[in-house]
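A short worksheet on the structure shown next.
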Amino acid sequence: MAIIDDLDRAERLFIKGYPFRRFVPRSSDPASLAVTPLRKPLSACMVALVTTAGLSLPDQPPFNETMRLGDTSFRELPGDISPQLLEMHQRSWAFDHTGVLRDRNLAFPLDRLRELRDGGAIGSIAPRHYSFMGSIAAPRKLINESAPEVARRLTADCVDVVLLTPV
Amino acid sequence: MCNQSVGLIQRAIEYAGITTVSLSLLREITEKIRPPRALFVPFPLGYPLGEPANAPLQLRVMRAAFALLMRNDAPVLENFV
């Protein structure tokens with residue numbers, strides 16, 4: 001289990017001093033409080049994955065690991081790829097990268113989604129999935145631009161359910 | 001910071017009218033960001049689905065996360081057991 005007190009000193013101090021209260025849900029911001037009930041059984045739902053593992057295809061520009069406040073861009077990942085093709089570009093060394101490098105499903109469980117679909121637990125797999133690089137210290141652009149853009153694309157694909165995974 | 005980013009992206013997707021659930025590796029951060037539904041998993045950072053090449057465990061985590069989709073009493077934050 002991961003707890004903040006176990007992180008290395010720089011990371012721990014950064015998180016302890018970080019102004020999380022700027023990003024807590026507020027009644028003045030309906031986007032921060034929205035709840036969308038499931039409208040049909042999961043076995044009839046189209047499911048998409050969104051990860052912050054920094055995964056990208058070999059022919060996509062990698063995430064920028066040098067931006068001090070974080071890269072808020074995203075990569076679109078087709079639903080028919082083999083996840084093991086994906087590269088990982090990560091600014092954060094706060095976590096052990098070896099697990100995901102051995103098996104991308106650890107953060108981007110596309111093969112598991114296929115098994116759930118084949119077993120009838122979910123209806124279908126979305127044609128497009130999304131990847132961010134999660135270490136974003138200044139998330140304003142994420143909140144105002146890239147996250148709503150991904151939401152718009154998922155809606156355009158008629159996605160019913162999204163599973164999000166950090167690393 | 002990954003856990004904050006996930007929560008912020010999740011809120012935007014839920015707001016667009018899609019039902020969402022996330023995994024959390026740092027409960028303390030997810031409690032602050034309060035996304036609509038999250039499953040706290042007792043794994044190290046970098047291991048959200050549990051273990052590499054352990055499909056049964058990965059599937060168990062996903063099924064437990066998907067079970068939270070029926071819940072609308074946000075913010076939902078349950079432990080994976």
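Each chain in the structure tokens gets a letter, A, B, ..., in the order shown, and its residues are numbered from 1; ligands are numbered from 1 in order too.
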From a DSSP pass on the backbone, collect the residues of chain B flagged as strand (DSSP E) and hand them back as a PDB file with C-alpha atoms, in the first residue's frame.
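Final output, saved to selection.pdb:
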```pdb
ATOM      1  CA  THR B  19     -20.253   7.354 -15.875  1.00  0.00           C
ATOM      2  CA  THR B  20     -16.721   7.021 -14.487  1.00  0.00           C
ATOM      3  CA  VAL B  21     -14.746   5.112 -11.895  1.00  0.00           C
ATOM      4  CA  SER B  22     -11.060   5.477 -11.057  1.00  0.00           C
ATOM      5  CA  LEU B  23      -8.438   3.545  -9.171  1.00  0.00           C
ATOM      6  CA  SER B  24      -6.588   5.336  -6.377  1.00  0.00           C
ATOM      7  CA  ARG B  37     -16.287   7.079  -7.720  1.00  0.00           C
ATOM      8  CA  ALA B  38     -12.920   5.606  -6.796  1.00  0.00           C
ATOM      9  CA  LEU B  39     -11.565   2.251  -5.663  1.00  0.00           C
ATOM     10  CA  PHE B  40      -8.556   2.509  -3.364  1.00  0.00           C
ATOM     11  CA  VAL B  76     -17.640   7.069  -3.414  1.00  0.00           C
ATOM     12  CA  LEU B  77     -14.251   5.840  -2.164  1.00  0.00           C
ATOM     13  CA  GLU B  78     -14.111   2.139  -1.322  1.00  0.00           C
ATOM     14  CA  ASN B  79     -11.241  -0.184  -0.458  1.00  0.00           C
TER      15      ASN B  79
END
```
Can you work out which residues from chain A touch chain B at a cut-off of 8 Å (counting only C-alpha atoms) and hand them back as number ranges by chain? A: 1-4, 15, 20-21, 23-25, 30-38, 51-52, 94-97, 99-100, 102-107, 109, 112, 133-137, 139, 142-143, 147-148, 150-152, 155, 159-167
Near Asp80 in chain A, within 10 Å and counting only C-alpha atoms, which residues show up once chain neighbours fewer than 3 positions away are dropped, as an MDAnalysis selection string? chainID A and resid 77 83 110:111 114 125:128
Near range 57-66 of chain A, counting only C-alpha atoms, which residues have an atom at most 9 Å away, once you skip same-chain residues fewer than 4 positions from it, shown as a tab-separated table (two decimals) with N, CA and C atoms, in the first residue's frame?
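After the write, result-v8.tsv holds the following:
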```tsv
chain	number	residue	atom	x	y	z
A	70	GLY	N	4.67	20.24	-15.64
A	70	GLY	CA	3.93	19.12	-16.20
A	70	GLY	C	3.43	19.38	-17.61
A	71	ASP	N	3.33	18.28	-18.37
A	71	ASP	CA	2.83	18.32	-19.75
A	71	ASP	C	1.35	17.94	-19.69
A	72	THR	N	0.46	18.87	-20.07
A	72	THR	CA	-0.98	18.60	-19.94
A	72	THR	C	-1.59	18.02	-21.22
A	73	SER	N	-0.75	17.66	-22.21
A	73	SER	CA	-1.29	17.12	-23.45
A	73	SER	C	-1.73	15.66	-23.25
A	74	PHE	N	-2.39	15.11	-24.26
A	74	PHE	CA	-2.82	13.71	-24.17
A	74	PHE	C	-2.54	13.02	-25.49
A	75	ARG	N	-2.56	11.69	-25.46
A	75	ARG	CA	-2.40	10.89	-26.68
A	75	ARG	C	-3.63	10.00	-26.83
A	76	GLU	N	-4.09	9.89	-28.08
A	76	GLU	CA	-5.23	9.03	-28.37
A	76	GLU	C	-4.70	7.65	-28.73
A	77	LEU	N	-5.21	6.61	-28.08
A	77	LEU	CA	-4.73	5.25	-28.32
A	77	LEU	C	-5.86	4.41	-28.91
A	85	LEU	N	2.86	-2.64	-27.17
A	85	LEU	CA	3.54	-1.76	-28.13
A	85	LEU	C	3.84	-0.39	-27.55
A	86	LEU	N	3.11	-0.02	-26.51
A	86	LEU	CA	3.16	1.36	-26.02
A	86	LEU	C	4.48	1.65	-25.30
A	87	GLU	N	4.95	2.87	-25.52
A	87	GLU	CA	6.13	3.36	-24.80
A	87	GLU	C	5.67	4.15	-23.59
A	88	MET	N	6.51	4.21	-22.57
A	88	MET	CA	6.15	5.02	-21.40
A	88	MET	C	7.16	6.15	-21.25
A	89	HIS	N	6.64	7.38	-21.23
A	89	HIS	CA	7.47	8.56	-20.99
A	89	HIS	C	6.95	9.23	-19.73
A	90	GLN	N	7.76	9.26	-18.72
A	90	GLN	CA	7.30	9.69	-17.40
A	90	GLN	C	8.29	10.62	-16.77
A	91	ARG	N	7.77	11.75	-16.36
A	91	ARG	CA	8.60	12.71	-15.66
A	91	ARG	C	8.85	12.22	-14.23
A	92	SER	N	7.88	11.48	-13.70
A	92	SER	CA	7.94	11.12	-12.29
A	92	SER	C	8.78	9.86	-12.06
A	132	PHE	N	-2.48	10.34	-20.54
A	132	PHE	CA	-1.84	11.58	-20.10
A	132	PHE	C	-0.56	11.19	-19.36
A	133	MET	N	0.28	12.18	-19.11
A	133	MET	CA	1.40	11.96	-18.18
A	133	MET	C	1.02	12.67	-16.89
```
